[in-house]
$ cat work09.txt   # compact mmCIF, C-alpha atoms
# COMPACT_ATOMS: atom_id res chain seq x y z
CA MET A 1 52.20 54.86 114.30
CA LEU A 2 50.57 52.10 112.30
CA GLN A 3 53.01 49.66 110.74
CA LYS A 4 53.47 47.40 107.75
CA ASN A 5 50.71 44.77 107.40
CA ASP A 6 48.23 46.83 109.45
CA VAL A 7 44.95 47.45 107.67
CA ALA A 8 44.82 51.11 106.62
CA PRO A 9 41.91 52.73 108.50
CA ASP A 10 39.27 53.99 106.10
CA PHE A 11 38.36 57.68 106.09
CA THR A 12 36.34 60.22 104.17
CA LEU A 13 37.84 63.70 103.86
CA TYR A 14 37.29 66.79 101.76
CA ALA A 15 39.64 67.00 98.75
CA THR A 16 38.04 70.14 97.32
CA PRO A 17 35.38 72.46 98.75
CA ASP A 18 32.62 70.26 97.33
CA GLN A 19 34.17 66.85 96.88
CA LYS A 20 35.09 64.18 99.39
CA ILE A 21 37.48 61.29 98.93
CA LYS A 22 36.94 57.94 100.61
CA LEU A 23 40.06 55.83 100.93
CA SER A 24 38.26 52.50 100.38
CA GLU A 25 37.12 53.71 96.95
CA PHE A 26 40.72 53.28 95.87
CA LYS A 27 40.78 49.53 96.50
CA GLY A 28 42.40 47.93 93.49
CA HIS A 29 44.96 50.74 93.29
CA ASN A 30 48.02 51.52 95.34
CA VAL A 31 47.75 54.65 97.46
CA ILE A 32 50.48 56.91 98.83
CA LEU A 33 49.39 58.92 101.88
CA ALA A 34 51.68 61.83 102.65
CA PHE A 35 50.85 63.38 106.02
CA TYR A 36 52.50 66.79 106.42
CA PRO A 37 52.38 69.57 109.01
CA ALA A 38 51.07 72.58 107.13
CA ASP A 39 50.28 74.17 103.78
CA TRP A 40 52.64 77.04 102.91
CA SER A 41 55.42 76.11 105.30
CA PRO A 42 58.69 75.94 103.34
CA VAL A 43 59.60 72.28 103.77
CA CYS A 44 56.09 71.09 102.97
CA SER A 45 55.89 73.18 99.85
CA ASP A 46 59.09 71.61 98.65
CA GLN A 47 57.89 68.13 99.48
CA MET A 48 54.49 68.50 97.80
CA ALA A 49 56.08 70.28 94.82
CA LEU A 50 58.54 67.41 94.51
CA TYR A 51 55.78 64.79 94.48
CA ASN A 52 53.92 66.92 91.96
CA GLU A 53 56.83 66.40 89.56
CA MET A 54 56.72 62.65 90.10
CA LEU A 55 53.07 61.92 89.34
CA LYS A 56 53.81 60.18 86.07
CA TYR A 57 56.24 57.84 87.86
CA PHE A 58 53.67 57.06 90.55
CA LYS A 59 51.11 56.35 87.81
CA LYS A 60 53.47 53.74 86.37
CA TYR A 61 52.98 51.82 89.60
CA ASP A 62 49.23 52.38 89.53
CA ALA A 63 49.61 54.54 92.63
CA GLU A 64 47.54 57.57 93.64
CA ILE A 65 49.19 60.09 95.92
CA MET A 66 47.26 62.20 98.44
CA GLY A 67 48.60 64.80 100.82
CA ILE A 68 46.92 65.17 104.22
CA SER A 69 47.18 68.00 106.71
CA VAL A 70 44.87 69.67 109.23
CA ASP A 71 44.43 72.71 106.98
CA SER A 72 40.93 73.44 105.71
CA LYS A 73 39.64 72.61 102.23
CA TRP A 74 39.80 76.30 101.27
CA CYS A 75 43.36 76.65 102.42
CA HIS A 76 44.26 73.49 100.48
CA MET A 77 42.59 74.89 97.38
CA ALA A 78 44.62 78.10 97.50
CA PHE A 79 47.83 76.23 98.24
CA ALA A 80 47.28 73.72 95.42
CA GLN A 81 46.49 76.51 92.97
CA SER A 82 49.52 78.50 94.02
CA ARG A 83 51.87 75.53 93.61
CA LYS A 84 50.04 74.09 90.58
CA LEU A 85 49.58 70.76 92.35
CA HIS A 86 47.84 68.06 90.34
CA PHE A 87 46.95 65.65 93.14
CA PRO A 88 44.47 65.89 96.00
CA LEU A 89 45.21 67.49 99.35
CA LEU A 90 42.87 66.15 102.02
CA ALA A 91 41.60 68.27 104.89
CA ASP A 92 41.88 66.44 108.21
CA PHE A 93 40.06 69.41 109.64
CA GLU A 94 36.89 68.30 111.43
CA ALA A 95 37.32 66.61 113.82
CA LYS A 96 40.79 68.06 113.71
CA GLY A 97 43.51 65.50 113.09
CA GLU A 98 41.12 62.56 113.48
CA VAL A 99 42.64 60.61 110.59
CA ALA A 100 46.21 61.42 111.59
CA LYS A 101 45.38 60.14 115.08
CA LYS A 102 44.05 56.86 113.62
CA TYR A 103 47.33 56.42 111.79
CA GLY A 104 49.30 57.41 114.88
CA VAL A 105 50.96 60.40 113.25
CA TYR A 106 49.36 63.36 115.04
CA ASP A 107 51.56 65.86 116.83
CA GLU A 108 49.50 66.81 119.92
CA GLU A 109 51.85 69.59 120.89
CA GLU A 110 51.73 71.46 117.58
CA GLY A 111 48.23 70.41 116.65
CA GLU A 112 49.48 69.27 113.25
CA CYS A 113 50.14 66.04 111.38
CA LYS A 114 53.66 64.74 111.65
CA ARG A 115 55.59 64.26 108.42
CA ALA A 116 54.80 60.64 107.66
CA LEU A 117 54.45 58.50 104.56
CA PHE A 118 52.34 55.39 104.00
CA VAL A 119 52.17 53.19 100.93
CA ILE A 120 48.93 51.21 100.93
CA ASP A 121 48.50 48.22 98.65
CA LYS A 122 45.57 47.33 96.41
CA GLU A 123 43.85 45.43 99.22
CA GLY A 124 44.03 48.40 101.57
CA VAL A 125 46.90 47.08 103.70
CA ILE A 126 49.90 49.19 104.69
CA ALA A 127 52.88 47.94 102.70
CA TRP A 128 55.43 50.52 103.89
CA CYS A 129 55.58 53.50 106.18
CA TYR A 130 58.11 56.10 107.20
CA MET A 131 58.22 58.88 109.77
CA SER A 132 60.48 61.71 108.73
CA PRO A 133 61.97 64.30 111.07
CA THR A 134 59.58 67.25 110.75
CA ALA A 135 62.23 69.53 109.26
CA VAL A 136 63.40 67.03 106.65
CA ASN A 137 61.83 66.53 103.26
CA PRO A 138 61.90 62.73 102.90
CA GLY A 139 62.04 62.68 99.09
CA ALA A 140 60.50 59.79 97.20
CA ASP A 141 63.09 57.01 97.11
CA GLY A 142 61.36 55.06 99.90
CA ILE A 143 57.99 55.36 98.19
CA ILE A 144 59.35 54.14 94.87
CA GLU A 145 61.15 51.24 96.51
CA ALA A 146 57.95 50.20 98.29
CA LEU A 147 55.96 50.41 95.05
CA GLU A 148 58.65 48.43 93.26
CA ASN A 149 58.40 45.71 95.91
CA LEU A 150 54.60 45.62 95.50
CA LYS A 151 55.03 45.15 91.78
CA LEU A 152 57.22 42.11 92.40
CA LYS A 153 54.65 40.50 94.69
CA MET B 1 70.90 57.30 100.79
CA SER B 2 73.06 56.24 97.91
CA LEU B 3 73.38 57.15 94.29
CA LYS B 4 71.62 54.96 91.73
CA PRO B 5 72.92 54.29 89.17
CA LYS B 6 76.59 54.90 89.82
CA VAL B 7 78.54 57.37 87.73
CA SER B 8 79.44 56.00 84.32
CA ASN B 9 80.78 57.21 81.00
CA ALA B 10 77.22 58.08 80.04
CA ASP B 11 77.41 60.96 82.53
CA HIS B 12 78.74 64.44 81.84
CA ILE B 13 82.06 64.53 83.63
CA LEU B 14 84.23 67.52 84.51
CA GLY B 15 87.64 67.58 86.17
CA ASN B 16 89.69 64.43 86.57
CA GLY B 17 87.80 61.36 85.34
CA GLN B 18 90.18 59.13 87.34
CA ALA B 19 89.93 61.05 90.63
CA ASP B 20 89.12 59.20 93.86
CA LEU B 21 86.64 61.90 94.82
CA THR B 22 83.40 61.97 92.85
CA ILE B 23 80.82 64.71 93.33
CA VAL B 24 77.44 64.47 91.62
CA GLU B 25 75.04 67.39 91.47
CA TYR B 26 71.36 66.97 90.67
CA GLY B 27 70.27 70.36 89.41
CA ASP B 28 67.58 72.39 87.72
CA TYR B 29 68.66 75.20 85.37
CA GLN B 30 65.89 77.51 86.54
CA CYS B 31 66.32 76.85 90.26
CA PRO B 32 67.77 79.94 91.98
CA HIS B 33 69.64 77.80 94.53
CA CYS B 34 71.35 75.94 91.67
CA GLY B 35 72.16 79.27 90.06
CA ALA B 36 73.73 80.42 93.33
CA ALA B 37 75.68 77.17 93.65
CA HIS B 38 77.11 77.43 90.14
CA PRO B 39 79.91 79.98 90.73
CA ILE B 40 80.86 78.17 93.95
CA ILE B 41 81.21 74.91 92.05
CA LYS B 42 83.14 76.67 89.27
CA GLU B 43 85.59 78.06 91.79
CA MET B 44 85.90 74.69 93.49
CA MET B 45 86.70 73.02 90.18
CA ALA B 46 89.19 75.74 89.24
CA GLU B 47 91.07 75.09 92.47
CA LEU B 48 90.65 71.37 92.99
CA GLY B 49 89.61 70.12 89.56
CA SER B 50 92.59 67.79 89.29
CA GLN B 51 91.35 65.90 92.37
CA ILE B 52 87.63 65.84 91.63
CA ARG B 53 85.43 64.00 89.17
CA PHE B 54 82.37 66.25 88.93
CA VAL B 55 79.10 65.09 87.36
CA PHE B 56 75.91 67.01 86.63
CA ARG B 57 72.58 65.22 86.30
CA ASN B 58 69.31 66.87 85.35
CA PHE B 59 66.55 67.20 87.91
CA PRO B 60 64.15 69.66 86.27
CA LEU B 61 61.16 70.66 88.42
CA SER B 62 59.03 71.39 85.39
CA GLU B 63 55.80 72.33 87.13
CA MET B 64 57.56 74.96 89.18
CA HIS B 65 60.08 76.09 86.56
CA PRO B 66 58.75 76.17 83.00
CA TYR B 67 62.22 76.62 81.45
CA ALA B 68 63.93 73.90 83.48
CA GLN B 69 63.12 71.16 81.00
CA PRO B 70 63.86 73.15 77.80
CA ALA B 71 67.18 74.22 79.34
CA ALA B 72 68.06 70.64 80.27
CA LEU B 73 67.27 69.55 76.71
CA ALA B 74 69.40 72.39 75.32
CA ALA B 75 72.37 71.28 77.42
CA GLU B 76 71.91 67.70 76.27
CA ALA B 77 71.56 68.79 72.65
CA ALA B 78 74.79 70.80 73.01
CA ALA B 79 76.41 67.68 74.50
CA LEU B 80 75.70 65.85 71.24
CA GLN B 81 78.00 68.43 69.64
CA GLY B 82 80.61 68.18 72.39
CA LYS B 83 79.62 71.38 74.19
CA PHE B 84 77.66 70.29 77.24
CA TRP B 85 79.67 72.25 79.81
CA GLU B 86 79.81 75.38 77.66
CA MET B 87 76.00 75.36 77.40
CA HIS B 88 75.64 74.41 81.08
CA ASP B 89 77.79 77.36 82.19
CA ALA B 90 76.14 79.84 79.85
CA ILE B 91 72.63 78.90 81.02
CA PHE B 92 73.51 79.32 84.68
CA GLU B 93 75.40 82.53 84.03
CA ASN B 94 72.33 83.99 82.29
CA GLN B 95 69.74 82.33 84.50
CA ASN B 96 67.83 85.57 85.10
CA LEU B 97 67.28 85.89 81.33
CA LEU B 98 66.24 82.29 80.77
CA SER B 99 63.88 81.88 77.80
CA SER B 100 63.57 79.76 74.69
CA ARG B 101 65.22 82.59 72.76
CA LEU B 102 68.18 82.66 75.15
CA LEU B 103 68.82 78.95 74.65
CA LEU B 104 68.95 79.42 70.88
CA ASP B 105 71.15 82.50 71.23
CA ILE B 106 73.64 80.60 73.37
CA ALA B 107 73.67 77.73 70.89
CA GLU B 108 74.50 80.20 68.13
CA GLN B 109 77.23 81.84 70.17
CA LEU B 110 78.72 78.41 70.83
CA ASP B 111 78.81 77.93 67.08
CA LEU B 112 76.63 74.83 67.18
CA ASP B 113 75.18 73.36 64.00
CA MET B 114 71.79 75.03 64.47
CA SER B 115 69.69 72.76 62.32
CA LYS B 116 71.05 69.72 64.12
CA PHE B 117 70.59 71.45 67.50
CA LYS B 118 66.96 72.28 66.75
CA SER B 119 66.13 68.82 65.50
CA ASP B 120 67.90 67.22 68.48
CA LEU B 121 65.76 69.30 70.83
CA GLN B 122 62.72 67.50 69.41
CA ASP B 123 64.33 64.07 69.67
CA GLU B 124 62.59 61.70 72.04
CA ALA B 125 65.88 60.04 72.94
CA LEU B 126 67.03 63.33 74.44
CA GLN B 127 63.83 63.62 76.46
CA ASP B 128 64.39 60.05 77.66
CA ARG B 129 67.88 60.97 78.78
CA VAL B 130 66.60 63.90 80.87
CA ASP B 131 63.79 61.73 82.27
CA GLY B 132 66.35 59.05 83.08
CA ASP B 133 68.39 61.54 85.09
CA PHE B 134 65.26 62.68 86.94
CA GLU B 135 64.26 59.10 87.69
CA SER B 136 67.74 58.28 88.98
CA GLY B 137 67.50 61.30 91.28
CA MET B 138 64.14 60.14 92.54
CA LEU B 139 65.55 56.68 93.30
CA SER B 140 68.61 58.18 94.96
CA GLY B 141 66.57 60.27 97.39
CA VAL B 142 66.95 63.69 95.82
CA ASN B 143 64.51 65.91 97.74
CA GLY B 144 65.17 69.27 96.15
CA THR B 145 67.76 71.07 94.07
CA PRO B 146 70.63 71.20 94.16
CA THR B 147 71.33 67.85 95.84
CA PHE B 148 74.93 66.67 95.98
CA PHE B 149 76.35 63.17 96.34
CA VAL B 150 79.91 62.62 97.51
CA ASN B 151 81.37 59.28 96.49
CA GLY B 152 77.87 57.91 96.06
CA GLN B 153 76.44 59.10 99.39
CA LYS B 154 73.89 61.88 99.69
CA PHE B 155 75.44 65.02 101.12
CA ASP B 156 73.23 66.97 103.53
CA GLY B 157 74.14 70.51 102.64
CA GLY B 158 74.60 73.03 99.88
CA ALA B 159 77.55 73.97 97.69
CA GLU B 160 79.13 76.17 100.36
CA ASP B 161 79.01 73.38 102.94
CA LEU B 162 80.52 71.06 100.38
CA VAL B 163 83.43 73.37 99.64
CA GLN B 164 83.99 73.92 103.35
CA ILE B 165 84.21 70.17 104.02
CA LEU B 166 86.61 69.71 101.11
CA GLY B 167 88.75 72.58 102.41
CA GLU B 168 88.96 70.95 105.83
CA ASN B 169 90.10 67.66 104.35
$ encode --input "work09.txt" --output "structure tokens"
Amino acid sequence: MLQKNDVAPDFTLYATPDQKIKLSEFKGHNVILAFYPADWSPVCSDQMALYNEMLKYFKKYDAEIMGISVDSKWCHMAFAQSRKLHFPLLADFEAKGEVAKKYGVYDEEEGECKRALFVIDKEGVIAWCYMSPTAVNPGADGIIEALENLKLK
Amino acid sequence: MSLKPKVSNADHILGNGQADLTIVEYGDYQCPHCGAAHPIIKEMMAELGSQIRFVFRNFPLSEMHPYAQPAALAAEAAALQGKFWEMHDAIFENQNLLSSRLLLDIAEQLDLDMSKFKSDLQDEALQDRVDGDFESGMLSGVNGTPTFFVNGQKFDGGAEDLVQILGEN
């Protein structure tokens, strides 16, 4: 798993069926990457739904949150609509798990992303990261603390 | 993970305010798990209330539960007239009927000053209070509702687990 002070590897992934997001386009903003195993699974739904409630707090820190899993763009679209999510879910779908592998958070056995969080600063450097046990929703306290520390820099 | 900020007089406190044991619940009035926890907590407080300082903080998941926020505001508006816990109980006890109308009906049944209640519901300070609770939950590591804290430390379990642990000690 990549660590604090590592440069966050750039990537381009589908966020909607016809729109891609490139990480480096967010230079100048903080980015929260939330890798998670699967759309629809109970813990993930809770975690993404929780972050969905916190968007205005993330905005206060000039931070954009993005979820990433190996699900396809169409699956993400249905999941986001069902849970009324207002932030992008990226499809690490082809080649499967390529981005998760770059960040060192791919679960080879399950063929899914592990449940991992990265806060990336405005220069594109990892400021904080956390690997959660797969069954545990990590909440947002670590994210907020990391963003708070960035603000003090 | 620990509770931030600590419990203070600004919180809604039930039971014994001087007790050594403090339990904080972060809850959402429309969350079915919180609704299920409510009678368990009530029973716990009926039995052990003299030994527990119980606090409820709002953690409305508004995108998922459209009445969570209005209900939280209604409880806070009732608190301004000294009836937080009465409103709190009535909302949970009628959770399956939750609506804007229900909140007003409860307020009437509690004999609240209705014009004050309605104007307080629109008050930004009340909104700030609910937001403040939510933010404190976020900083304290709340990852869903209900989340309990025992003497400032996050408790990994639900209301039944909590009662079981208390029974064993």
$ residues_around --input "work09.txt" --residues "Arg115 in chain A" --least-positions-apart "3" --cutoff "9 Å" --atoms "all atoms listed in the file" --output "PyMOL selection string"
chain A and resi 34-37+44+105+130-138
$ interface_residues --input "work09.txt" --of "chain B" --to "chain A" --cutoff "7 Å" --atoms "all atoms listed in the file" --output "count of residues only"
10
$ atom_distance --input "work09.txt" --atom1 "CA of Ile32 in chain A" --atom2 "CA of His76 in chain A"
17.8 Å
$ residues_around --input "work09.txt" --residues "Gly17 in chain B" --least-positions-apart "6" --cutoff "9 Å" --atoms "only C-alpha atoms" --output "ChimeraX atom specification"
/B:50,52-54
$ residues_around --input "work09.txt" --residues "range 23-38 of chain B" --least-positions-apart "6" --cutoff "8 Å" --atoms "all atoms listed in the file" --output "JSON, numbers by chain"
{"B": [52, 53, 54, 55, 56, 57, 58, 59, 60, 61, 65, 67, 68, 71, 72, 89, 91, 92, 93, 95, 98, 137, 142, 145, 146, 147, 148, 149, 150, 151, 152, 158, 159, 160]}
$ residues_around --input "work09.txt" --residues "Pro70 in chain B" --least-positions-apart "2" --cutoff "9 Å" --atoms "all atoms listed in the file" --output "ChimeraX atom specification"
/B:66-68,72-75,99-100,103,121
$ closest_residue --input "work09.txt" --among "B:Met44, B:Ala107, B:Ala77, B:Met1" --to "Glu124 in chain B" --atoms "all atoms listed in the file"
B:Ala77
$ closest_residue --input "work09.txt" --among "A:Lys153, A:Cys129, A:Glu64, A:Leu147" --to "Asp6 in chain A" --atoms "only C-alpha atoms"
A:Cys129
$ residues_around --input "work09.txt" --residues "range 68-75 of chain A" --least-positions-apart "6" --cutoff "6 Å" --atoms "only C-alpha atoms" --output "list of chain:residue names"
A:Thr16, A:Pro17, A:Phe35, A:Tyr36, A:Pro37, A:Leu89, A:Leu90, A:Ala91, A:Asp92, A:Phe93, A:Gly97, A:Cys113
$ decode --input "work09.txt" --residues "range 23-51 of chain A" --atoms "N, CA, C and O atoms" --output "PDB file, in the first residue's frame"
ATOM      1  N   LEU A  23      -7.343  12.033 -12.380  1.00  0.00           N
ATOM      2  CA  LEU A  23      -6.965  12.523 -11.047  1.00  0.00           C
ATOM      3  C   LEU A  23      -6.181  13.836 -11.128  1.00  0.00           C
ATOM      4  O   LEU A  23      -6.440  14.768 -10.365  1.00  0.00           O
ATOM      5  N   SER A  24      -5.233  13.928 -12.066  1.00  0.00           N
ATOM      6  CA  SER A  24      -4.356  15.107 -12.109  1.00  0.00           C
ATOM      7  C   SER A  24      -5.121  16.396 -12.436  1.00  0.00           C
ATOM      8  O   SER A  24      -4.630  17.493 -12.187  1.00  0.00           O
ATOM      9  N   GLU A  25      -6.341  16.244 -12.954  1.00  0.00           N
ATOM     10  CA  GLU A  25      -7.158  17.452 -13.199  1.00  0.00           C
ATOM     11  C   GLU A  25      -7.598  18.112 -11.895  1.00  0.00           C
ATOM     12  O   GLU A  25      -8.072  19.248 -11.901  1.00  0.00           O
ATOM     13  N   PHE A  26      -7.441  17.396 -10.802  1.00  0.00           N
ATOM     14  CA  PHE A  26      -7.858  17.946  -9.513  1.00  0.00           C
ATOM     15  C   PHE A  26      -6.717  18.598  -8.746  1.00  0.00           C
ATOM     16  O   PHE A  26      -6.865  18.951  -7.580  1.00  0.00           O
ATOM     17  N   LYS A  27      -5.568  18.760  -9.422  1.00  0.00           N
ATOM     18  CA  LYS A  27      -4.458  19.470  -8.758  1.00  0.00           C
ATOM     19  C   LYS A  27      -4.960  20.841  -8.336  1.00  0.00           C
ATOM     20  O   LYS A  27      -5.701  21.498  -9.056  1.00  0.00           O
ATOM     21  N   GLY A  28      -4.552  21.263  -7.150  1.00  0.00           N
ATOM     22  CA  GLY A  28      -5.066  22.531  -6.625  1.00  0.00           C
ATOM     23  C   GLY A  28      -6.232  22.310  -5.671  1.00  0.00           C
ATOM     24  O   GLY A  28      -6.673  23.230  -5.005  1.00  0.00           O
ATOM     25  N   HIS A  29      -6.733  21.079  -5.629  1.00  0.00           N
ATOM     26  CA  HIS A  29      -7.777  20.703  -4.669  1.00  0.00           C
ATOM     27  C   HIS A  29      -7.309  19.470  -3.895  1.00  0.00           C
ATOM     28  O   HIS A  29      -6.505  18.690  -4.395  1.00  0.00           O
ATOM     29  N   ASN A  30      -7.850  19.320  -2.708  1.00  0.00           N
ATOM     30  CA  ASN A  30      -7.607  18.069  -1.992  1.00  0.00           C
ATOM     31  C   ASN A  30      -8.539  17.005  -2.548  1.00  0.00           C
ATOM     32  O   ASN A  30      -9.656  17.320  -2.969  1.00  0.00           O
ATOM     33  N   VAL A  31      -8.081  15.767  -2.537  1.00  0.00           N
ATOM     34  CA  VAL A  31      -8.905  14.659  -3.037  1.00  0.00           C
ATOM     35  C   VAL A  31      -8.948  13.546  -1.991  1.00  0.00           C
ATOM     36  O   VAL A  31      -7.921  13.230  -1.375  1.00  0.00           O
ATOM     37  N   ILE A  32     -10.137  13.009  -1.784  1.00  0.00           N
ATOM     38  CA  ILE A  32     -10.286  11.829  -0.918  1.00  0.00           C
ATOM     39  C   ILE A  32     -10.618  10.657  -1.836  1.00  0.00           C
ATOM     40  O   ILE A  32     -11.625  10.689  -2.545  1.00  0.00           O
ATOM     41  N   LEU A  33      -9.765   9.644  -1.849  1.00  0.00           N
ATOM     42  CA  LEU A  33     -10.054   8.423  -2.613  1.00  0.00           C
ATOM     43  C   LEU A  33     -10.513   7.351  -1.639  1.00  0.00           C
ATOM     44  O   LEU A  33      -9.787   7.004  -0.703  1.00  0.00           O
ATOM     45  N   ALA A  34     -11.727   6.847  -1.864  1.00  0.00           N
ATOM     46  CA  ALA A  34     -12.248   5.790  -1.002  1.00  0.00           C
ATOM     47  C   ALA A  34     -12.389   4.511  -1.826  1.00  0.00           C
ATOM     48  O   ALA A  34     -13.367   4.343  -2.563  1.00  0.00           O
ATOM     49  N   PHE A  35     -11.393   3.644  -1.732  1.00  0.00           N
ATOM     50  CA  PHE A  35     -11.484   2.330  -2.383  1.00  0.00           C
ATOM     51  C   PHE A  35     -12.416   1.456  -1.552  1.00  0.00           C
ATOM     52  O   PHE A  35     -12.311   1.447  -0.316  1.00  0.00           O
ATOM     53  N   TYR A  36     -13.312   0.729  -2.214  1.00  0.00           N
ATOM     54  CA  TYR A  36     -14.221  -0.150  -1.463  1.00  0.00           C
ATOM     55  C   TYR A  36     -14.505  -1.404  -2.285  1.00  0.00           C
ATOM     56  O   TYR A  36     -14.392  -1.379  -3.514  1.00  0.00           O
ATOM     57  N   PRO A  37     -14.886  -2.498  -1.620  1.00  0.00           N
ATOM     58  CA  PRO A  37     -14.992  -3.775  -2.334  1.00  0.00           C
ATOM     59  C   PRO A  37     -16.079  -3.820  -3.410  1.00  0.00           C
ATOM     60  O   PRO A  37     -15.809  -4.256  -4.522  1.00  0.00           O
ATOM     61  N   ALA A  38     -17.291  -3.410  -3.082  1.00  0.00           N
ATOM     62  CA  ALA A  38     -18.355  -3.656  -4.066  1.00  0.00           C
ATOM     63  C   ALA A  38     -19.574  -2.772  -3.835  1.00  0.00           C
ATOM     64  O   ALA A  38     -19.982  -2.557  -2.689  1.00  0.00           O
ATOM     65  N   ASP A  39     -20.162  -2.303  -4.955  1.00  0.00           N
ATOM     66  CA  ASP A  39     -21.465  -1.653  -4.895  1.00  0.00           C
ATOM     67  C   ASP A  39     -22.448  -2.652  -4.263  1.00  0.00           C
ATOM     68  O   ASP A  39     -22.284  -3.863  -4.422  1.00  0.00           O
ATOM     69  N   TRP A  40     -23.444  -2.139  -3.608  1.00  0.00           N
ATOM     70  CA  TRP A  40     -24.577  -2.925  -3.084  1.00  0.00           C
ATOM     71  C   TRP A  40     -24.295  -3.729  -1.829  1.00  0.00           C
ATOM     72  O   TRP A  40     -25.216  -4.056  -1.099  1.00  0.00           O
ATOM     73  N   SER A  41     -23.045  -4.063  -1.572  1.00  0.00           N
ATOM     74  CA  SER A  41     -22.786  -4.861  -0.368  1.00  0.00           C
ATOM     75  C   SER A  41     -23.097  -3.974   0.840  1.00  0.00           C
ATOM     76  O   SER A  41     -22.910  -2.770   0.778  1.00  0.00           O
ATOM     77  N   PRO A  42     -23.600  -4.554   1.933  1.00  0.00           N
ATOM     78  CA  PRO A  42     -24.151  -3.732   3.004  1.00  0.00           C
ATOM     79  C   PRO A  42     -23.169  -2.725   3.614  1.00  0.00           C
ATOM     80  O   PRO A  42     -23.509  -1.571   3.797  1.00  0.00           O
ATOM     81  N   VAL A  43     -21.972  -3.166   3.933  1.00  0.00           N
ATOM     82  CA  VAL A  43     -21.044  -2.238   4.589  1.00  0.00           C
ATOM     83  C   VAL A  43     -20.712  -1.069   3.670  1.00  0.00           C
ATOM     84  O   VAL A  43     -20.708   0.086   4.091  1.00  0.00           O
ATOM     85  N   CYS A  44     -20.480  -1.382   2.384  1.00  0.00           N
ATOM     86  CA  CYS A  44     -20.118  -0.312   1.452  1.00  0.00           C
ATOM     87  C   CYS A  44     -21.245   0.696   1.328  1.00  0.00           C
ATOM     88  O   CYS A  44     -21.018   1.890   1.294  1.00  0.00           O
ATOM     89  N   SER A  45     -22.453   0.193   1.234  1.00  0.00           N
ATOM     90  CA  SER A  45     -23.569   1.122   1.085  1.00  0.00           C
ATOM     91  C   SER A  45     -23.588   2.079   2.250  1.00  0.00           C
ATOM     92  O   SER A  45     -23.789   3.270   2.086  1.00  0.00           O
ATOM     93  N   ASP A  46     -23.359   1.542   3.442  1.00  0.00           N
ATOM     94  CA  ASP A  46     -23.363   2.408   4.609  1.00  0.00           C
ATOM     95  C   ASP A  46     -22.230   3.419   4.546  1.00  0.00           C
ATOM     96  O   ASP A  46     -22.404   4.576   4.871  1.00  0.00           O
ATOM     97  N   GLN A  47     -21.083   2.950   4.099  1.00  0.00           N
ATOM     98  CA  GLN A  47     -19.921   3.850   4.063  1.00  0.00           C
ATOM     99  C   GLN A  47     -20.132   4.957   3.034  1.00  0.00           C
ATOM    100  O   GLN A  47     -19.919   6.132   3.322  1.00  0.00           O
ATOM    101  N   MET A  48     -20.565   4.597   1.834  1.00  0.00           N
ATOM    102  CA  MET A  48     -20.773   5.608   0.798  1.00  0.00           C
ATOM    103  C   MET A  48     -21.927   6.533   1.189  1.00  0.00           C
ATOM    104  O   MET A  48     -21.873   7.733   0.974  1.00  0.00           O
ATOM    105  N   ALA A  49     -22.983   5.968   1.788  1.00  0.00           N
ATOM    106  CA  ALA A  49     -24.107   6.798   2.223  1.00  0.00           C
ATOM    107  C   ALA A  49     -23.664   7.778   3.306  1.00  0.00           C
ATOM    108  O   ALA A  49     -24.108   8.929   3.347  1.00  0.00           O
ATOM    109  N   LEU A  50     -22.766   7.330   4.149  1.00  0.00           N
ATOM    110  CA  LEU A  50     -22.246   8.194   5.216  1.00  0.00           C
ATOM    111  C   LEU A  50     -21.468   9.369   4.612  1.00  0.00           C
ATOM    112  O   LEU A  50     -21.689  10.525   4.965  1.00  0.00           O
ATOM    113  N   TYR A  51     -20.581   9.068   3.668  1.00  0.00           N
ATOM    114  CA  TYR A  51     -19.807  10.139   3.038  1.00  0.00           C
ATOM    115  C   TYR A  51     -20.723  11.098   2.286  1.00  0.00           C
ATOM    116  O   TYR A  51     -20.476  12.297   2.220  1.00  0.00           O
TER     117      TYR A  51
END
